[in-house]
Amino acid sequence: MSKWLSKEWLDETREMAKNQPERPGASARMQYIIAGGPDGEVRYFWVLENGKLLESELGDVTEADITMTMSYDDAKKIQEGDLDPNAAFMQGRIKIGNSTNMAKLMSLMPLTNAPEYKELQKEIREITEY
């Protein structure tokens with residue numbers, strides 16, 4: 001098991017995501033900021049290209065299309081499947097950076113409801129230590 005939000009966890013989950021279907025146009029440089037965790041703030045990013053997760057690393061991505069900030073507790077609830085990310089966004093529990101490309105963000109949100117994504121999240125939960 002990998003510790004949630006660790007480099008090992010990001011590496012392992014990126015490998016697990018390799019079998020996700022291609023989704024033309026689902027491309028973005030996504031910055032995540034998780035605030036208030038037991039180890040302080042955690043910053044990581046994803047680089048998606050046509051639905052494929054090419055990069056997943058701790059730190060900051062250059063020229064982020066989307067920047068999302070959320071509390072550690074809400075991020076954990078999303079990861080554990082107890083909080084829908086779309087609902088969290090609509091409730092203001094996920095803060096969006098000023099330079100975020102809202103059209104791109106809105107185009108990616110439906111992907112979180114895809115059966116393949118939901119199955120991947122279930123598999124990730126099974127290998128995650130919180």
# chains A, B, ... in the order shown; residues from 1 in each chain; ligands from 1
>>> residues_around(residues="segment 38-55 of chain A", least_positions_apart="3", cutoff="10 Å", atoms="only C-alpha atoms", output="PyMOL selection string")
chain A and resi 5-7+10-11+13-35+58-62+64-69+71-72+108+111
>>> select_by_dssp(residues="segment 2-36 of chain A", states="alpha helix (DSSP H)", output="PyMOL selection string")
chain A and resi 7-16
>>> write_last_selection(atoms="N, CA, C and O atoms", output="tab-separated table (two decimals), in the first residue's frame")
chain	number	residue	atom	x	y	z
A	7	LYS	N	4.84	10.49	-3.21
A	7	LYS	CA	5.38	10.28	-4.55
A	7	LYS	C	5.09	8.85	-5.01
A	7	LYS	O	4.71	8.63	-6.15
A	8	GLU	N	5.25	7.89	-4.09
A	8	GLU	CA	4.99	6.49	-4.45
A	8	GLU	C	3.53	6.30	-4.87
A	8	GLU	O	3.24	5.58	-5.82
A	9	TRP	N	2.61	6.94	-4.15
A	9	TRP	CA	1.19	6.84	-4.46
A	9	TRP	C	0.91	7.44	-5.84
A	9	TRP	O	0.20	6.85	-6.66
A	10	LEU	N	1.49	8.62	-6.11
A	10	LEU	CA	1.29	9.25	-7.42
A	10	LEU	C	1.84	8.38	-8.54
A	10	LEU	O	1.20	8.21	-9.58
A	11	ASP	N	3.02	7.78	-8.33
A	11	ASP	CA	3.62	6.90	-9.33
A	11	ASP	C	2.75	5.67	-9.57
A	11	ASP	O	2.50	5.27	-10.71
A	12	GLU	N	2.29	5.06	-8.50
A	12	GLU	CA	1.49	3.84	-8.60
A	12	GLU	C	0.14	4.11	-9.26
A	12	GLU	O	-0.31	3.35	-10.13
A	13	THR	N	-0.49	5.20	-8.89
A	13	THR	CA	-1.82	5.50	-9.47
A	13	THR	C	-1.69	5.91	-10.94
A	13	THR	O	-2.57	5.60	-11.74
A	14	ARG	N	-0.59	6.57	-11.31
A	14	ARG	CA	-0.37	6.90	-12.73
A	14	ARG	C	-0.25	5.62	-13.55
A	14	ARG	O	-0.82	5.50	-14.63
A	15	GLU	N	0.47	4.65	-13.01
A	15	GLU	CA	0.61	3.36	-13.70
A	15	GLU	C	-0.75	2.67	-13.83
A	15	GLU	O	-1.08	2.12	-14.88
A	16	MET	N	-1.55	2.73	-12.77
A	16	MET	CA	-2.88	2.11	-12.80
A	16	MET	C	-3.79	2.78	-13.83
A	16	MET	O	-4.67	2.13	-14.40
>>> residues_around(residues="Pro110 of chain A", least_positions_apart="3", cutoff="12 Å", atoms="only C-alpha atoms", output="PyMOL selection string")
chain A and resi 23+26+51+84-87+104-107+113-115+117-118
>>> select_by_dssp(residues="segment 15-50 of chain A", states="strand (DSSP E or B)", output="PyMOL selection string")
chain A and resi 28-37+40-49
>>> write_last_selection(atoms="N, CA and C atoms", output="short mmCIF file (atom, residue, chain, number, x, y, z; two decimals), in the first residue's frame")
data_model
loop_
_atom_site.label_atom_id
_atom_site.label_comp_id
_atom_site.auth_asym_id
_atom_site.auth_seq_id
_atom_site.Cartn_x
_atom_site.Cartn_y
_atom_site.Cartn_z
N ALA A 28 -5.28 18.61 -20.26
CA ALA A 28 -5.13 19.75 -19.35
C ALA A 28 -3.90 19.56 -18.47
N ARG A 29 -3.39 20.68 -18.02
CA ARG A 29 -2.32 20.71 -17.01
C ARG A 29 -3.01 21.15 -15.73
N MET A 30 -3.14 20.22 -14.77
CA MET A 30 -3.96 20.43 -13.58
C MET A 30 -3.11 20.49 -12.33
N GLN A 31 -3.22 21.60 -11.60
CA GLN A 31 -2.50 21.79 -10.34
C GLN A 31 -3.47 21.57 -9.19
N TYR A 32 -3.06 20.74 -8.23
CA TYR A 32 -3.85 20.48 -7.02
C TYR A 32 -3.10 21.01 -5.82
N ILE A 33 -3.83 21.69 -4.93
CA ILE A 33 -3.27 22.18 -3.68
C ILE A 33 -4.18 21.66 -2.56
N ILE A 34 -3.62 20.81 -1.71
CA ILE A 34 -4.37 20.20 -0.61
C ILE A 34 -3.89 20.88 0.68
N ALA A 35 -4.79 21.60 1.33
CA ALA A 35 -4.42 22.42 2.49
C ALA A 35 -4.86 21.77 3.80
N GLY A 36 -4.05 21.99 4.84
CA GLY A 36 -4.45 21.59 6.18
C GLY A 36 -4.25 20.13 6.52
N GLY A 37 -3.37 19.45 5.82
CA GLY A 37 -3.12 18.04 6.12
C GLY A 37 -2.18 17.87 7.29
N GLY A 40 1.10 19.24 6.56
CA GLY A 40 1.06 20.56 5.95
C GLY A 40 0.46 20.52 4.55
N GLU A 41 0.69 21.58 3.80
CA GLU A 41 0.13 21.67 2.44
C GLU A 41 0.85 20.71 1.51
N VAL A 42 0.06 20.05 0.63
CA VAL A 42 0.61 19.16 -0.39
C VAL A 42 0.21 19.73 -1.74
N ARG A 43 1.20 19.87 -2.62
CA ARG A 43 0.96 20.35 -3.97
C ARG A 43 1.38 19.25 -4.93
N TYR A 44 0.50 18.93 -5.87
CA TYR A 44 0.84 17.96 -6.90
C TYR A 44 0.12 18.34 -8.18
N PHE A 45 0.55 17.71 -9.28
CA PHE A 45 -0.09 18.03 -10.55
C PHE A 45 -0.25 16.80 -11.42
N TRP A 46 -1.19 16.94 -12.35
CA TRP A 46 -1.44 15.95 -13.40
C TRP A 46 -1.30 16.65 -14.74
N VAL A 47 -0.78 15.92 -15.71
CA VAL A 47 -0.83 16.36 -17.10
C VAL A 47 -1.61 15.30 -17.85
N LEU A 48 -2.79 15.69 -18.34
CA LEU A 48 -3.66 14.80 -19.11
C LEU A 48 -3.55 15.13 -20.59
N GLU A 49 -3.49 14.11 -21.40
CA GLU A 49 -3.48 14.28 -22.85
C GLU A 49 -4.49 13.31 -23.43
#
>>> atom_distance(atom1="atom CA of Gln79 of chain A", atom2="atom CA of Gln121 of chain A")
7.4 Å
>>> closest_residue(among="A:Lys77, A:Asn101, A:Ser2, A:Met109", to="Phe89 of chain A", atoms="only C-alpha atoms")
A:Met109
>>> residues_around(residues="Thr128 of chain A", least_positions_apart="6", cutoff="6 Å", atoms="only C-alpha atoms", output="list in words")
Met1, Ser2, Lys3 and Trp4 of chain A
>>> atom_distance(atom1="atom CA of Ala75 of chain A", atom2="atom CA of Asn98 of chain A")
20.1 Å
>>> atom_distance(atom1="atom CA of Arg125 of chain A", atom2="atom CA of Thr112 of chain A")
15.0 Å
